[in-house]
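Below is the file work.txt, which contains compact mmCIF, N, CA and C atoms and all ligand atoms.
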# COMPACT_ATOMS: atom_id res chain seq x y z
N MET A 1 0.84 -1.21 0.00
CA MET A 1 0.00 0.00 0.00
C MET A 1 0.86 1.25 0.00
N THR A 2 1.85 1.24 0.88
CA THR A 2 2.72 2.41 0.98
C THR A 2 3.57 2.58 -0.28
N SER A 3 4.00 1.41 -0.82
CA SER A 3 4.85 1.50 -2.00
C SER A 3 4.06 2.01 -3.20
N ARG A 4 2.80 1.66 -3.24
CA ARG A 4 1.97 2.14 -4.34
C ARG A 4 1.77 3.65 -4.26
N PHE A 5 1.63 4.12 -3.02
CA PHE A 5 1.49 5.56 -2.82
C PHE A 5 2.76 6.31 -3.21
N ALA A 6 3.90 5.70 -2.86
CA ALA A 6 5.19 6.30 -3.19
C ALA A 6 5.38 6.35 -4.70
N LEU A 7 4.94 5.31 -5.37
CA LEU A 7 5.05 5.26 -6.83
C LEU A 7 4.20 6.36 -7.47
N LEU A 8 3.00 6.52 -6.94
CA LEU A 8 2.10 7.55 -7.45
C LEU A 8 2.70 8.94 -7.24
N LEU A 9 3.30 9.12 -6.07
CA LEU A 9 3.89 10.41 -5.74
C LEU A 9 5.08 10.72 -6.64
N SER A 10 5.87 9.69 -6.92
CA SER A 10 7.05 9.88 -7.76
C SER A 10 6.65 10.19 -9.20
N LEU A 11 5.45 9.76 -9.56
CA LEU A 11 4.96 10.07 -10.90
C LEU A 11 4.35 11.47 -10.96
N LEU A 12 3.70 11.83 -9.86
CA LEU A 12 3.00 13.11 -9.85
C LEU A 12 3.92 14.30 -9.61
N ALA A 13 4.95 14.08 -8.81
CA ALA A 13 5.83 15.18 -8.43
C ALA A 13 6.47 15.90 -9.63
N PRO A 14 7.06 15.15 -10.57
CA PRO A 14 7.65 15.85 -11.73
C PRO A 14 6.60 16.58 -12.57
N ALA A 15 5.43 16.00 -12.70
CA ALA A 15 4.37 16.64 -13.48
C ALA A 15 3.92 17.93 -12.80
N TRP A 16 3.83 17.90 -11.48
CA TRP A 16 3.43 19.09 -10.74
C TRP A 16 4.50 20.16 -10.85
N LEU A 17 5.76 19.74 -10.76
CA LEU A 17 6.87 20.69 -10.87
C LEU A 17 6.88 21.35 -12.24
N LEU A 18 6.63 20.56 -13.25
CA LEU A 18 6.61 21.07 -14.62
C LEU A 18 5.49 22.10 -14.79
N LEU A 19 4.36 21.79 -14.16
CA LEU A 19 3.22 22.69 -14.24
C LEU A 19 3.54 24.02 -13.55
N GLN A 20 4.18 23.93 -12.39
CA GLN A 20 4.57 25.14 -11.67
C GLN A 20 5.55 25.95 -12.51
N PHE A 21 6.47 25.25 -13.14
CA PHE A 21 7.50 25.91 -13.93
C PHE A 21 6.90 26.61 -15.14
N ARG A 22 5.91 25.97 -15.73
CA ARG A 22 5.25 26.54 -16.91
C ARG A 22 4.60 27.88 -16.59
N ARG A 23 4.02 27.97 -15.38
CA ARG A 23 3.36 29.20 -14.98
C ARG A 23 4.35 30.31 -14.67
N LYS A 24 5.58 29.94 -14.37
CA LYS A 24 6.60 30.91 -14.00
C LYS A 24 7.41 31.36 -15.20
N LEU A 25 7.28 30.62 -16.29
CA LEU A 25 8.12 30.88 -17.44
C LEU A 25 7.31 31.49 -18.58
N ALA A 26 7.86 32.52 -19.20
CA ALA A 26 7.17 33.15 -20.31
C ALA A 26 8.15 33.35 -21.45
N PHE A 27 7.65 33.32 -22.66
CA PHE A 27 8.52 33.52 -23.81
C PHE A 27 8.35 34.91 -24.39
N SER A 28 7.39 35.64 -23.87
CA SER A 28 7.25 37.04 -24.26
C SER A 28 7.24 37.88 -23.00
N LYS A 29 7.25 39.20 -23.17
CA LYS A 29 7.30 40.09 -22.03
C LYS A 29 5.98 40.10 -21.26
N GLN A 30 4.93 39.63 -21.93
CA GLN A 30 3.59 39.61 -21.34
C GLN A 30 3.52 38.72 -20.10
N CYS A 31 2.73 39.16 -19.13
CA CYS A 31 2.53 38.36 -17.93
C CYS A 31 1.74 37.10 -18.29
N PRO A 32 2.26 35.91 -17.93
CA PRO A 32 1.57 34.66 -18.30
C PRO A 32 0.25 34.45 -17.56
N ARG A 33 0.02 35.19 -16.51
CA ARG A 33 -1.21 34.98 -15.75
C ARG A 33 -2.33 35.90 -16.18
N CYS A 34 -2.06 37.21 -16.24
CA CYS A 34 -3.15 38.15 -16.55
C CYS A 34 -2.95 38.85 -17.89
N LYS A 35 -1.91 38.49 -18.62
CA LYS A 35 -1.63 39.04 -19.96
C LYS A 35 -1.32 40.54 -19.96
N ASN A 36 -0.88 41.03 -18.82
CA ASN A 36 -0.47 42.42 -18.73
C ASN A 36 0.79 42.62 -19.58
N PRO A 37 0.74 43.50 -20.57
CA PRO A 37 1.88 43.64 -21.47
C PRO A 37 3.03 44.48 -20.91
N TYR A 38 2.84 45.08 -19.72
CA TYR A 38 3.90 45.93 -19.17
C TYR A 38 4.30 45.53 -17.76
N PRO A 39 4.87 44.37 -17.61
CA PRO A 39 5.36 44.00 -16.27
C PRO A 39 6.67 44.72 -15.95
N ASP A 40 7.00 44.84 -14.68
CA ASP A 40 8.22 45.52 -14.26
C ASP A 40 9.39 44.55 -14.28
N ARG A 41 10.55 45.07 -14.61
CA ARG A 41 11.75 44.27 -14.49
C ARG A 41 12.13 44.22 -13.02
N THR A 42 12.56 43.11 -12.56
CA THR A 42 12.99 43.00 -11.17
C THR A 42 14.32 42.29 -11.12
N SER A 43 15.01 42.43 -10.01
CA SER A 43 16.30 41.76 -9.91
C SER A 43 16.09 40.28 -9.69
N ARG A 44 17.04 39.51 -10.15
CA ARG A 44 16.92 38.06 -10.03
C ARG A 44 17.18 37.62 -8.60
N PRO A 45 16.53 36.56 -8.19
CA PRO A 45 16.75 36.08 -6.81
C PRO A 45 18.19 35.67 -6.58
N ARG A 46 18.58 35.61 -5.32
CA ARG A 46 19.98 35.39 -4.97
C ARG A 46 20.49 34.04 -5.45
N TRP A 47 19.61 33.02 -5.41
CA TRP A 47 20.07 31.68 -5.83
C TRP A 47 20.45 31.66 -7.30
N MET A 48 19.88 32.60 -8.06
CA MET A 48 20.15 32.61 -9.49
C MET A 48 21.35 33.47 -9.82
N LYS A 49 21.63 34.46 -8.96
CA LYS A 49 22.69 35.41 -9.26
C LYS A 49 24.06 34.76 -9.28
N GLY A 50 24.33 33.91 -8.29
CA GLY A 50 25.65 33.31 -8.20
C GLY A 50 25.90 32.31 -9.30
N ARG A 51 25.03 31.33 -9.37
CA ARG A 51 25.28 30.20 -10.27
C ARG A 51 24.59 30.36 -11.62
N GLY A 52 23.53 31.17 -11.64
CA GLY A 52 22.69 31.17 -12.83
C GLY A 52 22.93 32.29 -13.81
N ASP A 53 24.16 32.84 -13.81
CA ASP A 53 24.42 33.94 -14.74
C ASP A 53 24.39 33.49 -16.19
N TRP A 54 24.59 32.19 -16.39
CA TRP A 54 24.58 31.66 -17.75
C TRP A 54 23.16 31.44 -18.25
N LEU A 55 22.19 31.48 -17.32
CA LEU A 55 20.80 31.24 -17.72
C LEU A 55 20.24 32.42 -18.49
N PRO A 56 19.63 32.14 -19.63
CA PRO A 56 19.06 33.24 -20.41
C PRO A 56 17.69 33.66 -19.90
N LEU A 57 17.60 33.89 -18.61
CA LEU A 57 16.30 34.23 -18.01
C LEU A 57 16.34 35.64 -17.43
N LYS A 58 15.26 36.35 -17.62
CA LYS A 58 15.13 37.67 -17.03
C LYS A 58 13.91 37.67 -16.13
N ALA A 59 14.09 38.21 -14.94
CA ALA A 59 13.00 38.19 -13.97
C ALA A 59 12.08 39.39 -14.17
N TYR A 60 10.80 39.13 -14.11
CA TYR A 60 9.79 40.17 -14.23
C TYR A 60 8.81 40.09 -13.08
N TYR A 61 8.22 41.22 -12.76
CA TYR A 61 7.21 41.25 -11.72
C TYR A 61 6.00 42.00 -12.25
N CYS A 62 4.86 41.33 -12.22
CA CYS A 62 3.65 41.96 -12.74
C CYS A 62 2.98 42.76 -11.62
N THR A 63 2.82 44.04 -11.85
CA THR A 63 2.22 44.89 -10.82
C THR A 63 0.72 44.71 -10.73
N LYS A 64 0.12 44.15 -11.77
CA LYS A 64 -1.34 43.97 -11.77
C LYS A 64 -1.77 42.81 -10.89
N CYS A 65 -1.17 41.66 -11.10
CA CYS A 65 -1.60 40.48 -10.34
C CYS A 65 -0.52 39.99 -9.39
N ARG A 66 0.57 40.75 -9.24
CA ARG A 66 1.67 40.43 -8.33
C ARG A 66 2.30 39.07 -8.63
N HIS A 67 2.32 38.74 -9.89
CA HIS A 67 2.89 37.46 -10.28
C HIS A 67 4.34 37.67 -10.68
N CYS A 68 5.19 36.82 -10.18
CA CYS A 68 6.60 36.87 -10.52
C CYS A 68 6.88 35.81 -11.58
N PHE A 69 7.53 36.19 -12.63
CA PHE A 69 7.84 35.18 -13.65
C PHE A 69 9.17 35.48 -14.33
N TYR A 70 9.64 34.50 -15.09
CA TYR A 70 10.90 34.62 -15.77
C TYR A 70 10.68 34.55 -17.27
N ARG A 71 11.35 35.45 -17.94
CA ARG A 71 11.23 35.45 -19.38
C ARG A 71 12.45 34.78 -19.99
N PHE A 72 12.18 33.85 -20.82
CA PHE A 72 13.25 33.15 -21.54
C PHE A 72 13.73 34.06 -22.66
N ASP A 73 15.01 34.45 -22.56
CA ASP A 73 15.52 35.44 -23.51
C ASP A 73 16.77 34.90 -24.18
N ARG A 74 16.64 33.89 -24.98
CA ARG A 74 17.66 33.23 -25.74
C ARG A 74 18.86 32.77 -24.90
ZN ZN B 1 -0.06 39.66 -14.26
Transcribe the structure of this file into structure tokens.
Ligand SMILES: [Zn+2]
Amino acid sequence: MTSRFALLLSLLAPAWLLLQFRRKLAFSKQCPRCKNPYPDRTSRPRWMKGRGDWLPLKAYYCTKCRHCFYRFDR
């Protein structure tokens, strides 16, 4: 019983993570949640600053719905 639950969890966890990631990631400047075309640029979180300088991601903050997201910028 427990092993079946663990198997289900191991299957669901990556799918849930992917879903969370999809909501945080945008390919245009538009806010992925409310489609606000003018989100604010914000500084990247500390965990990304040290190691993630090679990442082509730019952090944005939507003032309309307070959603934080990252724009994939090549
Ligand atoms: Zn928004």
Contacts between ligand ZN 1 (chain B) and chain A, please, where a residue of chain A counts if it comes within 5 Å (with all atoms listed in the file); show its shortest atom pair and distance in Å to one decimal, rows by chain and ascending number, as a Markdown table.
| residue | atom | partner | partner_atom | distance |
| --- | --- | --- | --- | --- |
| A:Cys31 | CA | B:ZN1 | ZN | 4.7 |
| A:Arg33 | C | B:ZN1 | ZN | 4.8 |
| A:Cys34 | N | B:ZN1 | ZN | 3.7 |
| A:Lys35 | N | B:ZN1 | ZN | 4.9 |
| A:Asn36 | N | B:ZN1 | ZN | 4.8 |
| A:Cys62 | CA | B:ZN1 | ZN | 4.6 |
| A:Lys64 | C | B:ZN1 | ZN | 4.9 |
| A:Cys65 | N | B:ZN1 | ZN | 3.9 |
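The space between atom C of Leu7 in chain A and atom N of Ala26 in chain A spans 28.9 Å.
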Checklist line | Filtered DSSP result for chain A, state alpha helix (DSSP H), as number ranges by chain | finding: A: 2-24, 46-51
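Distance check against His67 in chain A using all atoms listed in the file: of A:Ser43, A:Pro32, A:Lys49, A:Phe5, the minimum falls on A:Pro32.
Here atom C of Tyr60 in chain A is placed at a distance of 5.4 Å from CA of Thr42 in chain A.
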Notebook entry, point to check: List as number ranges by chain: which residues have an atom within 7 Å of (17.7, 36.2, -19.7), counting only N, CA and C atoms?
Noted result: A: 55-59, 71-74
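Among the candidates A:Ala6, A:Lys29, A:Trp47, A:Ala13, the one nearest to Tyr61 in chain A when counting only C-alpha atoms is A:Lys29.
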Enclose range 61-66 of chain A, meaning all of its atoms listed in the file, in a box aligned along x, y and z, pad it by 8 Å on each side, and list the centre and edge lengths in Å to one decimal, as JSON.
{"center_x": 3.2, "center_y": 42.0, "center_z": -10.5, "size_x": 26.0, "size_y": 21.8, "size_z": 20.4}
Notebook entry, point to check: What gap, in Å, lies between atom C of Leu18 in chain A and CA of Tyr70 in chain A?
Noted result: 13.7 Å
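Using only N, CA and C atoms, the shortest contact distance between Asp40 in chain A and any of A:Ser3, A:Pro14, A:Thr63, A:Phe69 is found at A:Thr63.
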Report the residues of chain A whose backbone DSSP state falls under strand (DSSP E or B), written as an mmCIF file with N, CA and C atoms, in the frame of the given file.
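This is the output file result.cif:
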data_model
loop_
_atom_site.group_PDB
_atom_site.id
_atom_site.type_symbol
_atom_site.label_atom_id
_atom_site.label_comp_id
_atom_site.auth_asym_id
_atom_site.auth_seq_id
_atom_site.Cartn_x
_atom_site.Cartn_y
_atom_site.Cartn_z
ATOM 1 N N LEU A 25 7.280 30.620 -16.290
ATOM 2 C CA LEU A 25 8.120 30.880 -17.440
ATOM 3 C C LEU A 25 7.310 31.490 -18.580
ATOM 4 N N ALA A 26 7.860 32.520 -19.200
ATOM 5 C CA ALA A 26 7.170 33.150 -20.310
ATOM 6 C C ALA A 26 8.150 33.350 -21.450
ATOM 7 N N ASP A 40 7.000 44.840 -14.680
ATOM 8 C CA ASP A 40 8.220 45.520 -14.260
ATOM 9 C C ASP A 40 9.390 44.550 -14.280
ATOM 10 N N ARG A 41 10.550 45.070 -14.610
ATOM 11 C CA ARG A 41 11.750 44.270 -14.490
ATOM 12 C C ARG A 41 12.130 44.220 -13.020
ATOM 13 N N LEU A 57 17.600 33.890 -18.610
ATOM 14 C CA LEU A 57 16.300 34.230 -18.010
ATOM 15 C C LEU A 57 16.340 35.640 -17.430
ATOM 16 N N LYS A 58 15.260 36.350 -17.620
ATOM 17 C CA LYS A 58 15.130 37.670 -17.030
ATOM 18 C C LYS A 58 13.910 37.670 -16.130
ATOM 19 N N ALA A 59 14.090 38.210 -14.940
ATOM 20 C CA ALA A 59 13.000 38.190 -13.970
ATOM 21 C C ALA A 59 12.080 39.390 -14.170
ATOM 22 N N TYR A 60 10.800 39.130 -14.110
ATOM 23 C CA TYR A 60 9.790 40.170 -14.230
ATOM 24 C C TYR A 60 8.810 40.090 -13.080
ATOM 25 N N TYR A 61 8.220 41.220 -12.760
ATOM 26 C CA TYR A 61 7.210 41.250 -11.720
ATOM 27 C C TYR A 61 6.000 42.000 -12.250
ATOM 28 N N CYS A 68 5.190 36.820 -10.180
ATOM 29 C CA CYS A 68 6.600 36.870 -10.520
ATOM 30 C C CYS A 68 6.880 35.810 -11.580
ATOM 31 N N PHE A 69 7.530 36.190 -12.630
ATOM 32 C CA PHE A 69 7.840 35.180 -13.650
ATOM 33 C C PHE A 69 9.170 35.480 -14.330
ATOM 34 N N TYR A 70 9.640 34.500 -15.090
ATOM 35 C CA TYR A 70 10.900 34.620 -15.770
ATOM 36 C C TYR A 70 10.680 34.550 -17.270
ATOM 37 N N ARG A 71 11.350 35.450 -17.940
ATOM 38 C CA ARG A 71 11.230 35.450 -19.380
ATOM 39 C C ARG A 71 12.450 34.780 -19.990
ATOM 40 N N PHE A 72 12.180 33.850 -20.820
ATOM 41 C CA PHE A 72 13.250 33.150 -21.540
ATOM 42 C C PHE A 72 13.730 34.060 -22.660
#
